[in-house]
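Colleague: The structure file final_26.txt (compact mmCIF, C-alpha atoms and all ligand atoms) is provided below.
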```
# COMPACT_ATOMS: atom_id res chain seq x y z
CA MET I 20 20.44 56.53 -1.47
CA LYS I 21 17.99 54.59 0.72
CA LYS I 22 14.63 54.26 -0.96
CA HIS I 23 11.84 54.62 1.61
CA PRO I 24 10.48 52.30 2.81
CA ILE I 25 12.43 49.12 2.05
CA VAL I 26 10.65 45.79 1.58
CA ILE I 27 12.64 42.58 1.83
CA ALA I 28 10.64 39.86 0.07
CA ILE I 29 11.23 36.30 1.22
CA ASP I 30 9.35 33.70 -0.81
CA GLY I 31 9.69 29.96 -1.03
CA THR I 32 8.19 26.54 -0.52
CA SER I 33 6.55 25.34 2.72
CA ALA I 34 9.05 24.51 5.49
CA SER I 35 11.95 26.07 3.60
CA GLY I 36 12.83 28.24 6.61
CA LYS I 37 11.05 31.42 5.51
CA SER I 38 9.55 32.30 8.90
CA THR I 39 12.65 31.68 10.98
CA ASN I 40 14.87 33.63 8.62
CA ALA I 41 12.41 36.45 7.94
CA LYS I 42 12.02 36.98 11.70
CA LEU I 43 15.80 36.92 12.24
CA ALA I 44 16.35 39.43 9.45
CA ALA I 45 13.57 41.72 10.75
CA ARG I 46 15.11 41.65 14.24
CA ALA I 47 18.64 42.28 12.99
CA LEU I 48 17.56 45.22 10.82
CA GLY I 49 14.88 46.63 13.15
CA TYR I 50 12.26 46.12 10.41
CA VAL I 51 8.63 45.06 10.79
CA TYR I 52 7.91 41.37 10.15
CA VAL I 53 4.92 40.38 8.01
CA ASP I 54 3.72 36.78 7.72
CA THR I 55 1.41 36.80 4.69
CA GLY I 56 0.67 33.08 5.05
CA ALA I 57 -0.96 33.94 8.38
CA MET I 58 -3.32 36.30 6.52
CA TYR I 59 -4.44 33.52 4.13
CA ARG I 60 -4.76 31.18 7.09
CA THR I 61 -6.91 33.73 8.91
CA LEU I 62 -9.31 33.91 5.97
CA ALA I 63 -9.41 30.09 5.80
CA TRP I 64 -10.23 30.00 9.53
CA TYR I 65 -12.92 32.68 9.07
CA CYS I 66 -14.51 30.61 6.26
CA LEU I 67 -14.54 27.52 8.48
CA VAL I 68 -16.13 29.45 11.38
CA LYS I 69 -18.76 30.90 9.04
CA HIS I 70 -19.40 27.48 7.42
CA VAL I 71 -18.31 28.71 4.01
CA ASP I 72 -17.41 25.89 1.60
CA VAL I 73 -13.74 26.57 0.78
CA ASN I 74 -14.09 24.69 -2.50
CA ASP I 75 -16.77 27.15 -3.66
CA GLU I 76 -14.80 30.01 -5.21
CA LYS I 77 -17.76 32.43 -5.30
CA ALA I 78 -18.68 31.75 -1.67
CA VAL I 79 -15.06 32.36 -0.57
CA ALA I 80 -14.88 35.60 -2.59
CA ASN I 81 -18.14 36.77 -0.95
CA ALA I 82 -16.87 35.87 2.52
CA CYS I 83 -13.69 37.86 1.81
CA ARG I 84 -15.80 40.87 0.79
CA ARG I 85 -17.84 40.71 4.02
CA TRP I 86 -14.81 40.08 6.25
CA LYS I 87 -14.27 42.85 8.87
CA THR I 88 -10.53 43.23 9.32
CA LYS I 89 -7.93 45.64 10.59
CA LEU I 90 -4.13 45.71 10.31
CA GLU I 91 -2.16 46.37 13.48
CA CYS I 92 1.53 46.51 14.27
CA ALA I 93 2.15 44.70 17.57
CA GLU I 94 5.37 44.04 19.46
CA VAL I 95 5.70 40.32 20.14
CA ASN I 96 8.78 39.21 22.14
CA GLY I 97 10.59 42.34 21.05
CA LEU I 98 9.79 41.87 17.35
CA ARG I 99 7.45 44.28 15.62
CA CYS I 100 4.91 42.25 13.64
CA VAL I 101 1.95 43.10 11.46
CA ARG I 102 -1.19 41.20 12.40
CA LEU I 103 -4.48 41.02 10.57
CA LEU I 104 -7.34 41.20 13.06
CA THR I 105 -10.84 39.85 12.50
CA ASP I 106 -13.35 41.79 14.59
CA ASP I 107 -10.35 42.95 16.68
CA TYR I 108 -9.22 39.36 17.30
CA PHE I 109 -6.03 37.65 16.11
CA PRO I 110 -6.68 33.86 15.91
CA GLU I 111 -3.07 32.93 16.63
CA LYS I 112 -3.70 29.32 17.66
CA GLU I 113 -6.64 28.65 15.35
CA ILE I 114 -4.69 29.45 12.18
CA ARG I 115 -2.16 26.70 12.99
CA MET I 116 -4.81 24.00 13.44
CA PRO I 117 -4.81 21.10 10.92
CA GLN I 118 -8.35 21.99 9.73
CA THR I 119 -7.17 25.48 8.81
CA ALA I 120 -3.98 24.19 7.17
CA ALA I 121 -6.08 21.81 5.06
CA ALA I 122 -8.33 24.63 3.80
CA VAL I 123 -5.82 27.40 3.17
CA ALA I 124 -4.52 26.49 -0.29
CA GLN I 125 -8.09 26.44 -1.71
CA VAL I 126 -8.78 29.89 -0.25
CA ALA I 127 -5.43 31.19 -1.52
CA ALA I 128 -6.26 30.12 -5.08
CA VAL I 129 -9.32 32.40 -5.37
CA PRO I 130 -8.47 35.40 -7.63
CA LYS I 131 -10.62 37.89 -5.65
CA VAL I 132 -8.89 36.79 -2.46
CA ARG I 133 -5.46 37.35 -3.99
CA GLU I 134 -6.50 40.80 -5.18
CA TRP I 135 -7.68 41.68 -1.67
CA MET I 136 -4.52 40.26 -0.08
CA LYS I 137 -2.21 42.14 -2.43
CA LYS I 138 -3.84 45.45 -1.55
CA THR I 139 -3.84 44.69 2.17
CA GLN I 140 -0.22 43.49 2.12
CA ARG I 141 0.89 46.61 0.24
CA ASP I 142 -0.91 48.68 2.90
CA CYS I 143 1.55 47.25 5.47
CA ILE I 144 4.08 49.80 4.23
CA GLN I 145 2.33 52.29 6.55
CA PHE I 146 4.26 50.61 9.42
CA GLY I 147 7.74 51.26 7.90
CA ASP I 148 10.48 49.06 6.46
CA LEU I 149 9.31 45.46 6.13
CA VAL I 150 10.53 41.90 5.93
CA MET I 151 7.60 40.16 4.28
CA GLU I 152 7.43 36.41 3.77
CA GLY I 153 5.11 34.49 1.49
CA ARG I 154 4.82 32.87 -1.91
CA ASP I 155 4.30 35.81 -4.28
CA ILE I 156 5.86 38.81 -2.56
CA GLY I 157 8.71 39.30 -5.05
CA THR I 158 6.61 38.34 -8.08
CA ASN I 159 3.29 40.02 -7.32
CA VAL I 160 2.92 42.01 -4.09
CA PHE I 161 6.11 44.09 -4.20
CA PRO I 162 7.64 43.28 -7.61
CA GLU I 163 9.43 46.65 -7.52
CA THR I 164 11.65 45.76 -4.54
CA ASP I 165 15.35 45.11 -5.16
CA TYR I 166 15.48 42.74 -2.17
CA LYS I 167 14.08 39.42 -3.35
CA PHE I 168 14.90 36.01 -1.91
CA TYR I 169 13.63 32.53 -2.67
CA LEU I 170 14.24 29.81 -0.09
CA ASP I 171 13.96 26.14 -0.91
CA ALA I 172 15.07 22.69 0.22
CA THR I 173 14.36 19.16 -0.99
CA LEU I 174 10.92 17.73 -0.25
CA ALA I 175 12.49 15.04 1.97
CA GLU I 176 14.35 17.63 4.02
CA ARG I 177 11.30 19.88 4.40
CA THR I 178 9.09 16.95 5.38
CA ALA I 179 11.68 15.90 7.99
CA ARG I 180 11.67 19.45 9.42
CA ARG I 181 7.88 19.53 9.74
CA THR I 182 7.86 16.06 11.33
CA ALA I 183 10.52 17.19 13.82
CA ASP I 184 8.18 20.07 14.74
CA GLY I 185 5.41 17.53 15.35
CA VAL I 186 3.44 18.61 12.28
CA ASN I 187 2.22 15.94 9.89
CA GLU I 188 1.46 17.64 6.60
CA ASN I 189 1.35 16.61 2.96
CA LEU I 190 3.87 19.14 1.68
CA ALA I 191 3.97 17.68 -1.84
CA ALA I 192 0.23 18.33 -2.25
CA ARG I 193 0.57 21.85 -0.85
CA ASP I 194 3.56 22.64 -3.10
CA GLN I 195 1.57 21.43 -6.07
CA ARG I 196 -1.48 23.58 -5.25
CA ASP I 197 0.68 26.64 -4.53
CA SER I 198 2.69 26.39 -7.72
CA GLN I 199 -0.08 25.37 -10.09
CA ARG I 200 -2.79 27.90 -9.27
CA ALA I 201 -3.72 30.28 -12.07
CA VAL I 202 -3.17 33.53 -10.16
CA ALA I 203 0.19 34.47 -8.60
CA PRO I 204 1.57 30.92 -8.35
CA LEU I 205 4.65 30.18 -6.31
CA MET I 206 7.67 30.84 -8.51
CA ILE I 207 11.10 32.39 -8.38
CA ALA I 208 10.91 36.14 -8.96
CA LEU I 209 13.10 37.64 -11.65
CA GLY I 210 16.34 38.69 -9.99
CA ALA I 211 15.66 36.79 -6.76
CA LYS I 212 18.59 35.34 -4.86
CA VAL I 213 17.86 31.62 -4.48
CA ILE I 214 19.01 29.95 -1.28
CA ASN I 215 18.67 26.18 -1.30
CA ASN I 216 19.32 25.24 2.31
CA SER I 217 18.83 21.44 2.11
CA SER I 218 22.25 20.79 3.55
CA MET I 219 22.62 23.96 5.58
CA THR I 220 21.96 24.56 9.26
CA SER I 221 19.51 27.22 10.28
CA GLU I 222 22.48 29.39 11.40
CA GLN I 223 24.22 29.01 8.04
CA THR I 224 21.05 29.99 6.18
CA SER I 225 20.48 33.11 8.24
CA ALA I 226 24.15 34.10 8.01
CA LEU I 227 24.04 33.80 4.21
CA LEU I 228 20.75 35.71 3.99
CA MET I 229 22.06 38.57 6.15
CA GLU I 230 25.31 38.69 4.17
CA GLU I 231 23.34 39.00 0.91
CA ILE I 232 21.02 41.68 2.33
CA ARG I 233 23.98 43.73 3.59
CA LYS I 234 25.72 43.40 0.21
CA MET I 235 22.58 44.63 -1.58
CA MET I 236 22.25 47.53 0.86
CA ALA I 237 25.88 48.51 0.38
CA ALA I 238 25.44 48.39 -3.42
CA GLU I 239 22.38 50.68 -3.16
CA LYS I 240 24.40 53.26 -1.23
CA ARG I 241 27.07 53.49 -3.95
O1 LIG T 1 3.40 30.00 4.74
P1 LIG T 1 2.12 29.32 5.21
O2 LIG T 1 2.25 27.82 5.32
O3 LIG T 1 1.57 29.90 6.46
O4 LIG T 1 1.09 29.63 4.03
C1 LIG T 1 -0.23 29.18 4.09
C2 LIG T 1 -0.80 29.01 2.71
O5 LIG T 1 -1.05 30.29 2.11
C3 LIG T 1 0.03 28.21 1.70
O6 LIG T 1 -0.78 27.20 1.12
C4 LIG T 1 0.40 29.17 0.63
C5 LIG T 1 -0.54 30.32 0.80
N1 LIG T 1 0.16 31.59 0.61
C6 LIG T 1 0.07 32.18 -0.63
O7 LIG T 1 -0.55 31.63 -1.53
N2 LIG T 1 0.67 33.38 -0.83
C7 LIG T 1 1.36 33.98 0.14
N3 LIG T 1 1.94 35.17 -0.10
C8 LIG T 1 1.48 33.37 1.41
C9 LIG T 1 0.88 32.15 1.61
```
Show me, as structure tokens, the structure contained in the file I just sent.
Ligand code: DC

Modeller:
Amino acid sequence: MKKHPIVIAIDGTSASGKSTNAKLAARALGYVYVDTGAMYRTLAWYCLVKHVDVNDEKAVANACRRWKTKLECAEVNGLRCVRLLTDDYFPEKEIRMPQTAAAVAQVAAVPKVREWMKKTQRDCIQFGDLVMEGRDIGTNVFPETDYKFYLDATLAERTARRTADGVNENLAARDQRDSQRAVAPLMIALGAKVINNSSMTSEQTSALLMEEIRKMMAAEKR
């Protein structure tokens, strides 16, 4: 029996292929794609715009409380995506800027922020079946889902991928912040299917992911 709605949780390290594969899976299944990293990035951007010191936990928590947001489900290039709007605006380009990337892990470590994000991300279920990517979806946001994946690759491989995309980022530092924070750190959820794609092509990774999802779905029907 299909449990309604289904959430496919895709967690993993930075540059492990989460976005590409989560989008592919959402397209193939006709599910709604949710990029939770973009939500944390949007708060980091908002703090920068409002001159909030991202290293001041209380100030970030206050900014999060004052933040005027709305969830929308938009169709982007044929893919249904959830977007978090700030005053009706989605800062698509701004959240990918280096200044935002450098501030996001600090913002994401604030307990009040994580509480707010968990509630908001769970609210996305209003849009239907989801493929949600992040760092704590299987462990914290939707721990009840049966569809949990954890993508990873070696640091050297992930750094090479980011460099090939023209992005120069200290992934080791980001990994460390993400996995060592006190609240909802990056870790493998109990029962998650781990896909280490260091020596796999993007096509091989998505084929394996889809095969696993279909197997899980078939097992649910039995
Ligand atoms: O996936 P990304 O690079 O856009 O994520 C941006 C940051 O947000 C990253 O430092 C980890 C954090 N994040 C998180 O803590 N929890 C999530 N569910 C998603 C992202």

Colleague: Contacts of segment 200-207 of chain I at 8 Å or less, counting only C-alpha atoms, minus same-chain residues fewer than 5 places along, as a list of chain:residue names?

Modeller: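 Using only C-alpha atoms, the neighbours found are I:Asp30, I:Gly31, I:Thr32, I:Ala128, I:Val129, I:Pro130, I:Arg133, I:Arg154, I:Asp155, I:Thr158, I:Asn159, I:Tyr169, I:Val213.
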
Colleague: Using only C-alpha atoms and all ligand atoms, which residues of the polymer chains come no farther than 7 Å from ligand LIG 1 (chain T)? I'd like the answer as a PDB file with C-alpha atoms, in the frame of the given file.

Modeller:
```pdb
ATOM      1  CA  SER I  33       6.550  25.340   2.720  1.00  0.00           C
ATOM      2  CA  THR I  55       1.410  36.800   4.690  1.00  0.00           C
ATOM      3  CA  GLY I  56       0.670  33.080   5.050  1.00  0.00           C
ATOM      4  CA  ALA I  57      -0.960  33.940   8.380  1.00  0.00           C
ATOM      5  CA  TYR I  59      -4.440  33.520   4.130  1.00  0.00           C
ATOM      6  CA  ARG I  60      -4.760  31.180   7.090  1.00  0.00           C
ATOM      7  CA  ALA I 120      -3.980  24.190   7.170  1.00  0.00           C
ATOM      8  CA  VAL I 123      -5.820  27.400   3.170  1.00  0.00           C
ATOM      9  CA  ALA I 124      -4.520  26.490  -0.290  1.00  0.00           C
ATOM     10  CA  ALA I 127      -5.430  31.190  -1.520  1.00  0.00           C
ATOM     11  CA  ALA I 128      -6.260  30.120  -5.080  1.00  0.00           C
ATOM     12  CA  GLU I 152       7.430  36.410   3.770  1.00  0.00           C
ATOM     13  CA  GLY I 153       5.110  34.490   1.490  1.00  0.00           C
ATOM     14  CA  ARG I 154       4.820  32.870  -1.910  1.00  0.00           C
ATOM     15  CA  ASP I 155       4.300  35.810  -4.280  1.00  0.00           C
ATOM     16  CA  ILE I 156       5.860  38.810  -2.560  1.00  0.00           C
ATOM     17  CA  ARG I 193       0.570  21.850  -0.850  1.00  0.00           C
ATOM     18  CA  ASP I 197       0.680  26.640  -4.530  1.00  0.00           C
TER      19      ASP I 197
END
```

Colleague: Would you pick out the contacts of Leu48 of chain I at 12 Å or less, using all atoms listed in the file, so that residues sharing its chain but fewer than 5 positions from it are not included, and give the list as a ChimeraX atom specification?

Modeller: /I:25-27,41-43,98-99,147-150,229,232-233,236

Colleague: Would you mind reading off the distance between atom CA of Ala63 of chain I and atom CA of Lys112 of chain I, one decimal, in Å?

Modeller: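 According to the coordinates, atom CA of Ala63 of chain I and atom CA of Lys112 of chain I are separated by 13.2 Å.
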
Colleague: Measure the distance from atom CA of Phe168 of chain I to atom CA of Met116 of chain I in Å and round it to one decimal.

Modeller: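 Value for the atom CA of Phe168 of chain I-atom CA of Met116 of chain I distance: 27.7 Å.
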
Colleague: Give me, as a ChimeraX atom specification, all polymer residues having an atom no more than 7 Å from segment 66-77 of chain I, counting all atoms listed in the file and skipping those fewer than 6 positions away in the same chain.

Modeller: /I:122,125-126,129

Colleague: Ranking I:Lys87, I:Tyr65, I:Pro24, I:Leu227 by minimum distance to Gln118 of chain I and counting all atoms listed in the file, which one comes first?

Modeller: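 Between I:Lys87, I:Tyr65, I:Pro24, I:Leu227, the residue approaching Gln118 of chain I most closely is I:Tyr65.
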
Colleague: For Lys137 of chain I, which of I:Phe161, I:Ile29, I:Gly49, I:Arg181 is the closest residue, counting all atoms listed in the file?

Modeller: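 Going through I:Phe161, I:Ile29, I:Gly49, I:Arg181 one by one, the smallest distance to Lys137 of chain I is for I:Phe161.
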
Colleague: For a test of reading the model, state the distance in Å between atom CA of Thr178 of chain I and atom CA of Ile114 of chain I, rounded to one decimal.

Modeller: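 These atoms are spaced 19.8 Å apart.
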
Colleague: All heavy atoms for segment 207-218 of chain I, written as a JSON list (two decimals), keeping the file's coordinate frame, could you do that?

Modeller:
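Heads up, here's the output in part18.json:
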```
[["chain", "number", "residue", "atom", "x", "y", "z"],
["I", 207, "ILE", "N", 9.95, 31.56, -8.72],
["I", 207, "ILE", "CA", 11.10, 32.39, -8.38],
["I", 207, "ILE", "C", 10.98, 33.72, -9.11],
["I", 207, "ILE", "O", 10.82, 33.75, -10.33],
["I", 207, "ILE", "CB", 12.42, 31.68, -8.78],
["I", 207, "ILE", "CG1", 12.51, 30.31, -8.08],
["I", 207, "ILE", "CG2", 13.62, 32.54, -8.45],
["I", 207, "ILE", "CD1", 13.68, 29.44, -8.53],
["I", 208, "ALA", "N", 11.03, 34.82, -8.35],
["I", 208, "ALA", "CA", 10.91, 36.14, -8.96],
["I", 208, "ALA", "C", 12.16, 36.43, -9.78],
["I", 208, "ALA", "O", 13.26, 35.97, -9.44],
["I", 208, "ALA", "CB", 10.75, 37.20, -7.87],
["I", 209, "LEU", "N", 11.97, 37.21, -10.82],
["I", 209, "LEU", "CA", 13.10, 37.64, -11.65],
["I", 209, "LEU", "C", 14.08, 38.40, -10.76],
["I", 209, "LEU", "O", 13.68, 39.30, -10.02],
["I", 209, "LEU", "CB", 12.56, 38.59, -12.74],
["I", 209, "LEU", "CG", 13.37, 38.69, -14.00],
["I", 209, "LEU", "CD1", 13.38, 37.34, -14.74],
["I", 209, "LEU", "CD2", 12.78, 39.77, -14.91],
["I", 210, "GLY", "N", 15.33, 38.00, -10.78],
["I", 210, "GLY", "CA", 16.34, 38.69, -9.99],
["I", 210, "GLY", "C", 16.42, 38.24, -8.54],
["I", 210, "GLY", "O", 17.22, 38.80, -7.77],
["I", 211, "ALA", "N", 15.62, 37.25, -8.16],
["I", 211, "ALA", "CA", 15.66, 36.79, -6.76],
["I", 211, "ALA", "C", 16.93, 36.00, -6.50],
["I", 211, "ALA", "O", 17.42, 35.27, -7.36],
["I", 211, "ALA", "CB", 14.45, 35.92, -6.45],
["I", 212, "LYS", "N", 17.45, 36.15, -5.28],
["I", 212, "LYS", "CA", 18.59, 35.34, -4.86],
["I", 212, "LYS", "C", 18.02, 34.03, -4.29],
["I", 212, "LYS", "O", 17.23, 34.06, -3.33],
["I", 212, "LYS", "CB", 19.37, 36.13, -3.79],
["I", 212, "LYS", "CG", 20.40, 35.32, -3.05],
["I", 212, "LYS", "CD", 21.69, 35.20, -3.86],
["I", 212, "LYS", "CE", 22.59, 34.15, -3.24],
["I", 212, "LYS", "NZ", 23.67, 33.73, -4.10],
["I", 213, "VAL", "N", 18.38, 32.92, -4.93],
["I", 213, "VAL", "CA", 17.86, 31.62, -4.48],
["I", 213, "VAL", "C", 18.79, 31.02, -3.44],
["I", 213, "VAL", "O", 20.00, 30.97, -3.65],
["I", 213, "VAL", "CB", 17.71, 30.65, -5.68],
["I", 213, "VAL", "CG1", 17.20, 29.29, -5.21],
["I", 213, "VAL", "CG2", 16.77, 31.24, -6.73],
["I", 214, "ILE", "N", 18.21, 30.62, -2.31],
["I", 214, "ILE", "CA", 19.01, 29.95, -1.28],
["I", 214, "ILE", "C", 18.42, 28.56, -1.06],
["I", 214, "ILE", "O", 17.33, 28.43, -0.50],
["I", 214, "ILE", "CB", 19.01, 30.75, 0.05],
["I", 214, "ILE", "CG1", 19.63, 32.15, -0.18],
["I", 214, "ILE", "CG2", 19.77, 29.99, 1.14],
["I", 214, "ILE", "CD1", 19.67, 33.04, 1.06],
["I", 215, "ASN", "N", 19.12, 27.54, -1.55],
["I", 215, "ASN", "CA", 18.67, 26.18, -1.30],
["I", 215, "ASN", "C", 19.43, 25.70, -0.06],
["I", 215, "ASN", "O", 20.64, 25.53, -0.08],
["I", 215, "ASN", "CB", 18.96, 25.27, -2.50],
["I", 215, "ASN", "CG", 18.34, 23.89, -2.27],
["I", 215, "ASN", "OD1", 18.43, 23.33, -1.18],
["I", 215, "ASN", "ND2", 17.68, 23.37, -3.28],
["I", 216, "ASN", "N", 18.67, 25.52, 1.03],
["I", 216, "ASN", "CA", 19.32, 25.24, 2.31],
["I", 216, "ASN", "C", 19.18, 23.78, 2.76],
["I", 216, "ASN", "O", 19.26, 23.50, 3.96],
["I", 216, "ASN", "CB", 18.80, 26.22, 3.38],
["I", 216, "ASN", "CG", 17.28, 26.19, 3.48],
["I", 216, "ASN", "OD1", 16.68, 25.12, 3.38],
["I", 216, "ASN", "ND2", 16.67, 27.33, 3.68],
["I", 217, "SER", "N", 19.00, 22.87, 1.77],
["I", 217, "SER", "CA", 18.83, 21.44, 2.11],
["I", 217, "SER", "C", 19.93, 20.93, 3.03],
["I", 217, "SER", "O", 19.67, 20.20, 3.97],
["I", 217, "SER", "CB", 18.87, 20.58, 0.85],
["I", 217, "SER", "OG", 17.86, 20.97, -0.02],
["I", 218, "SER", "N", 21.17, 21.33, 2.73],
["I", 218, "SER", "CA", 22.25, 20.79, 3.55],
["I", 218, "SER", "C", 22.89, 21.88, 4.41],
["I", 218, "SER", "O", 24.07, 21.81, 4.73],
["I", 218, "SER", "CB", 23.28, 20.09, 2.67],
["I", 218, "SER", "OG", 23.65, 20.97, 1.64]]
```
